[in-house]
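Here is my_file-v7.cif, consisting of mmCIF, C-alpha atoms, pLDDT in the B column; chains and numbers go by the auth columns:
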data_protein
loop_
_atom_site.group_PDB
_atom_site.id
_atom_site.type_symbol
_atom_site.label_atom_id
_atom_site.label_comp_id
_atom_site.label_asym_id
_atom_site.label_seq_id
_atom_site.Cartn_x
_atom_site.Cartn_y
_atom_site.Cartn_z
_atom_site.B_iso_or_equiv
_atom_site.auth_seq_id
_atom_site.auth_asym_id
ATOM 1 C CA MET A 1 -4.867 -5.968 -25.837 94.00 1 A
ATOM 2 C CA ARG A 2 -3.748 -6.562 -22.248 96.00 2 A
ATOM 3 C CA MET A 3 -4.016 -9.869 -20.386 95.00 3 A
ATOM 4 C CA ARG A 4 -4.322 -10.776 -16.726 92.00 4 A
ATOM 5 C CA PHE A 5 -2.933 -14.122 -15.522 90.00 5 A
ATOM 6 C CA LEU A 6 -5.742 -16.309 -14.131 88.00 6 A
ATOM 7 C CA GLY A 7 -3.890 -19.488 -13.261 86.00 7 A
ATOM 8 C CA SER A 8 -2.111 -22.637 -14.260 85.00 8 A
ATOM 9 C CA THR A 9 -2.035 -26.278 -13.251 79.00 9 A
ATOM 10 C CA SER A 10 1.640 -26.581 -14.048 74.00 10 A
ATOM 11 C CA GLU A 11 4.702 -25.984 -11.921 70.00 11 A
ATOM 12 C CA ALA A 12 7.112 -23.071 -12.450 65.00 12 A
ATOM 13 C CA GLY A 13 4.854 -21.184 -14.834 61.00 13 A
ATOM 14 C CA ALA A 14 5.001 -23.629 -17.720 67.00 14 A
ATOM 15 C CA CYS A 15 1.879 -24.068 -19.806 76.00 15 A
ATOM 16 C CA PRO A 16 -1.037 -24.730 -19.732 88.00 16 A
ATOM 17 C CA THR A 17 -2.262 -21.365 -18.489 89.00 17 A
ATOM 18 C CA LEU A 18 -5.410 -19.237 -18.707 90.00 18 A
ATOM 19 C CA TYR A 19 -5.562 -15.458 -19.086 91.00 19 A
ATOM 20 C CA GLU A 20 -8.413 -12.934 -19.063 90.00 20 A
ATOM 21 C CA THR A 21 -8.184 -10.061 -21.558 93.00 21 A
ATOM 22 C CA ASP A 22 -9.310 -6.468 -21.311 94.00 22 A
ATOM 23 C CA ARG A 23 -11.636 -7.281 -24.229 94.00 23 A
ATOM 24 C CA GLY A 24 -13.688 -9.712 -22.134 91.00 24 A
ATOM 25 C CA THR A 25 -12.194 -12.849 -23.679 91.00 25 A
ATOM 26 C CA ILE A 26 -10.123 -15.750 -22.347 90.00 26 A
ATOM 27 C CA VAL A 27 -6.753 -16.755 -23.814 92.00 27 A
ATOM 28 C CA ILE A 28 -5.633 -20.354 -23.409 91.00 28 A
ATOM 29 C CA GLN A 29 -1.955 -21.248 -23.524 91.00 29 A
ATOM 30 C CA GLY A 30 -1.259 -24.932 -23.999 90.00 30 A
ATOM 31 C CA LEU A 31 0.324 -27.538 -26.196 89.00 31 A
ATOM 32 C CA GLU A 32 -0.766 -27.373 -29.809 91.00 32 A
ATOM 33 C CA LEU A 33 -3.103 -30.194 -30.714 93.00 33 A
ATOM 34 C CA THR A 34 -1.363 -32.321 -33.335 94.00 34 A
ATOM 35 C CA ASP A 35 -3.211 -35.659 -33.123 95.00 35 A
ATOM 36 C CA LYS A 36 -4.657 -36.210 -36.622 95.00 36 A
ATOM 37 C CA GLU A 37 -7.767 -38.045 -35.393 96.00 37 A
ATOM 38 C CA ALA A 38 -8.527 -35.321 -32.836 95.00 38 A
ATOM 39 C CA LEU A 39 -7.958 -32.575 -35.426 94.00 39 A
ATOM 40 C CA ALA A 40 -10.427 -34.319 -37.747 95.00 40 A
ATOM 41 C CA ASP A 41 -13.098 -33.943 -35.033 97.00 41 A
ATOM 42 C CA LEU A 42 -12.792 -30.126 -34.956 95.00 42 A
ATOM 43 C CA ARG A 43 -15.527 -28.102 -36.638 95.00 43 A
ATOM 44 C CA ASP A 44 -15.267 -24.938 -38.710 95.00 44 A
ATOM 45 C CA VAL A 45 -11.610 -24.090 -38.024 93.00 45 A
ATOM 46 C CA LEU A 46 -10.880 -20.756 -39.695 95.00 46 A
ATOM 47 C CA ASP A 47 -7.566 -19.546 -41.090 95.00 47 A
ATOM 48 C CA GLY A 48 -5.454 -18.307 -38.196 94.00 48 A
ATOM 49 C CA GLU A 49 -7.161 -20.546 -35.626 93.00 49 A
ATOM 50 C CA THR A 50 -5.537 -23.449 -33.839 92.00 50 A
ATOM 51 C CA ALA A 51 -6.512 -25.858 -31.091 94.00 51 A
ATOM 52 C CA VAL A 52 -4.640 -26.336 -27.821 91.00 52 A
ATOM 53 C CA GLU A 53 -5.002 -29.025 -25.200 89.00 53 A
ATOM 54 C CA VAL A 54 -5.340 -28.202 -21.506 88.00 54 A
ATOM 55 C CA PRO A 55 -6.295 -30.301 -18.484 87.00 55 A
ATOM 56 C CA ARG A 56 -9.987 -30.293 -17.562 89.00 56 A
ATOM 57 C CA GLU A 57 -9.076 -29.387 -13.961 88.00 57 A
ATOM 58 C CA LEU A 58 -7.508 -26.123 -15.154 88.00 58 A
ATOM 59 C CA ILE A 59 -10.795 -24.974 -16.673 88.00 59 A
ATOM 60 C CA THR A 60 -12.889 -26.021 -13.668 88.00 60 A
ATOM 61 C CA GLU A 61 -10.501 -24.513 -11.095 85.00 61 A
ATOM 62 C CA ILE A 62 -10.256 -21.168 -12.862 84.00 62 A
ATOM 63 C CA ALA A 63 -14.008 -21.067 -13.513 85.00 63 A
ATOM 64 C CA ARG A 64 -14.659 -21.650 -9.810 84.00 64 A
ATOM 65 C CA ARG A 65 -12.220 -18.871 -8.844 80.00 65 A
ATOM 66 C CA VAL A 66 -13.436 -16.382 -11.442 76.00 66 A
ATOM 67 C CA LEU A 67 -17.119 -16.957 -10.729 75.00 67 A
ATOM 68 C CA SER A 68 -16.594 -16.473 -6.991 78.00 68 A
ATOM 69 C CA ASP A 69 -14.419 -13.330 -7.324 69.00 69 A
ATOM 70 C CA THR A 70 -15.210 -9.817 -8.384 53.00 70 A
ATOM 71 C CA PRO A 71 -13.699 -9.287 -11.833 53.00 71 A
ATOM 72 C CA ALA A 72 -10.424 -7.394 -11.696 49.00 72 A
ATOM 73 C CA THR A 73 -10.132 -4.141 -13.591 45.00 73 A
ATOM 74 C CA ALA A 74 -6.333 -4.087 -13.873 46.00 74 A
ATOM 75 C CA PHE A 75 -4.359 -6.154 -16.330 44.00 75 A
ATOM 76 C CA PRO A 76 -0.816 -6.485 -14.931 47.00 76 A
ATOM 77 C CA SER A 77 2.184 -7.716 -16.850 45.00 77 A
ATOM 78 C CA SER A 78 2.761 -11.431 -17.293 47.00 78 A
ATOM 79 C CA ASP A 79 5.568 -11.576 -14.702 51.00 79 A
ATOM 80 C CA GLU A 80 3.158 -12.506 -11.873 49.00 80 A
ATOM 81 C CA THR A 81 3.790 -15.585 -9.777 46.00 81 A
ATOM 82 C CA PRO A 82 1.967 -18.524 -11.379 45.00 82 A
ATOM 83 C CA PHE A 83 -0.951 -20.185 -9.611 47.00 83 A
ATOM 84 C CA ALA A 84 -0.706 -23.962 -9.555 46.00 84 A
ATOM 85 C CA THR A 85 -3.447 -26.289 -8.368 45.00 85 A
ATOM 86 C CA ASP A 86 -2.766 -29.389 -6.293 40.00 86 A
#
Could I get this structure in the form of structure tokens?
Amino acid sequence: MRMRFLGSTSEAGACPTLYETDRGTIVIQGLELTDKEALADLRDVLDGETAVEVPRELITEIARRVLSDTPATAFPSSDETPFATD
């Protein structure tokens, strides 16, 4: 699988970050959710799955950019310059 960097709301490339894959899926990089009460609210978590927490503005900013752009066909390496929102 190859991934294309979509953007981040953090400075200097630290997480959280979103990626688009060549399989038509989205990968979310963020801090692992460890709050016991929040974990208890999750439904149907399968073996091998985990939950991560990302800012709402990251999802809305990337969705706005992706929906307004033509999907890219290339999946470059992860050494691109990070995109950070204001």
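Within the file as shown, the PyMOL selection byres ((chain A and resi 1) around 8) identifies Arg2, Met3, Thr21, Asp22 and Arg23 of chain A.
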- prompt: Which is closer to A:Glu20 than all the others in A:Val52, A:Val66, A:Leu6, A:Leu46, using all atoms listed in the file?
  reply: A:Leu6
message: Please enumerate the residues selected by the PyMOL selection byres ((chain A and resi 18) around 9) when evaluated against the supplied file, formatted as number ranges by chain.
response: A: 4-8, 15-17, 19-20, 26-30, 58-59, 62
Kindly export the residues of the current selection with C-alpha atoms, as a PDB file, in the frame of the given file.
ATOM      1  CA  ARG A   4      -4.322 -10.776 -16.726  1.00 92.00           C
ATOM      2  CA  PHE A   5      -2.933 -14.122 -15.522  1.00 90.00           C
ATOM      3  CA  LEU A   6      -5.742 -16.309 -14.131  1.00 88.00           C
ATOM      4  CA  GLY A   7      -3.890 -19.488 -13.261  1.00 86.00           C
ATOM      5  CA  SER A   8      -2.111 -22.637 -14.260  1.00 85.00           C
ATOM      6  CA  CYS A  15       1.879 -24.068 -19.806  1.00 76.00           C
ATOM      7  CA  PRO A  16      -1.037 -24.730 -19.732  1.00 88.00           C
ATOM      8  CA  THR A  17      -2.262 -21.365 -18.489  1.00 89.00           C
ATOM      9  CA  TYR A  19      -5.562 -15.458 -19.086  1.00 91.00           C
ATOM     10  CA  GLU A  20      -8.413 -12.934 -19.063  1.00 90.00           C
ATOM     11  CA  ILE A  26     -10.123 -15.750 -22.347  1.00 90.00           C
ATOM     12  CA  VAL A  27      -6.753 -16.755 -23.814  1.00 92.00           C
ATOM     13  CA  ILE A  28      -5.633 -20.354 -23.409  1.00 91.00           C
ATOM     14  CA  GLN A  29      -1.955 -21.248 -23.524  1.00 91.00           C
ATOM     15  CA  GLY A  30      -1.259 -24.932 -23.999  1.00 90.00           C
ATOM     16  CA  LEU A  58      -7.508 -26.123 -15.154  1.00 88.00           C
ATOM     17  CA  ILE A  59     -10.795 -24.974 -16.673  1.00 88.00           C
ATOM     18  CA  ILE A  62     -10.256 -21.168 -12.862  1.00 84.00           C
TER      19      ILE A  62
END
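Using only C-alpha atoms, the nearest neighbour of A:Glu49 within the list A:Glu11, A:Glu32, A:Glu37, A:Glu61 is A:Glu32.
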field: Distance of atom CA of A:Ser68 from atom CA of A:Ser10, expressed in Å to one decimal place
entry: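 These two atoms are separated by 22.0 Å.
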task: Figure out the distance between atom CA of A:Leu31 and atom CA of A:Val54, please, to one decimal in Å.
output: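 Atom CA of A:Leu31 lies 7.4 Å from atom CA of A:Val54.
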query: What gap, in Å, lies between atom CA of A:Thr34 and atom CA of A:Arg64?
result: 29.1 Å
- prompt: Pick the closest to A:Asp35 from A:Thr60, A:Thr9, A:Arg65, A:Ala51: which is it, counting all atoms listed in the file?
  reply: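 Comparing A:Thr60, A:Thr9, A:Arg65, A:Ala51 against A:Asp35, the winner is A:Ala51.
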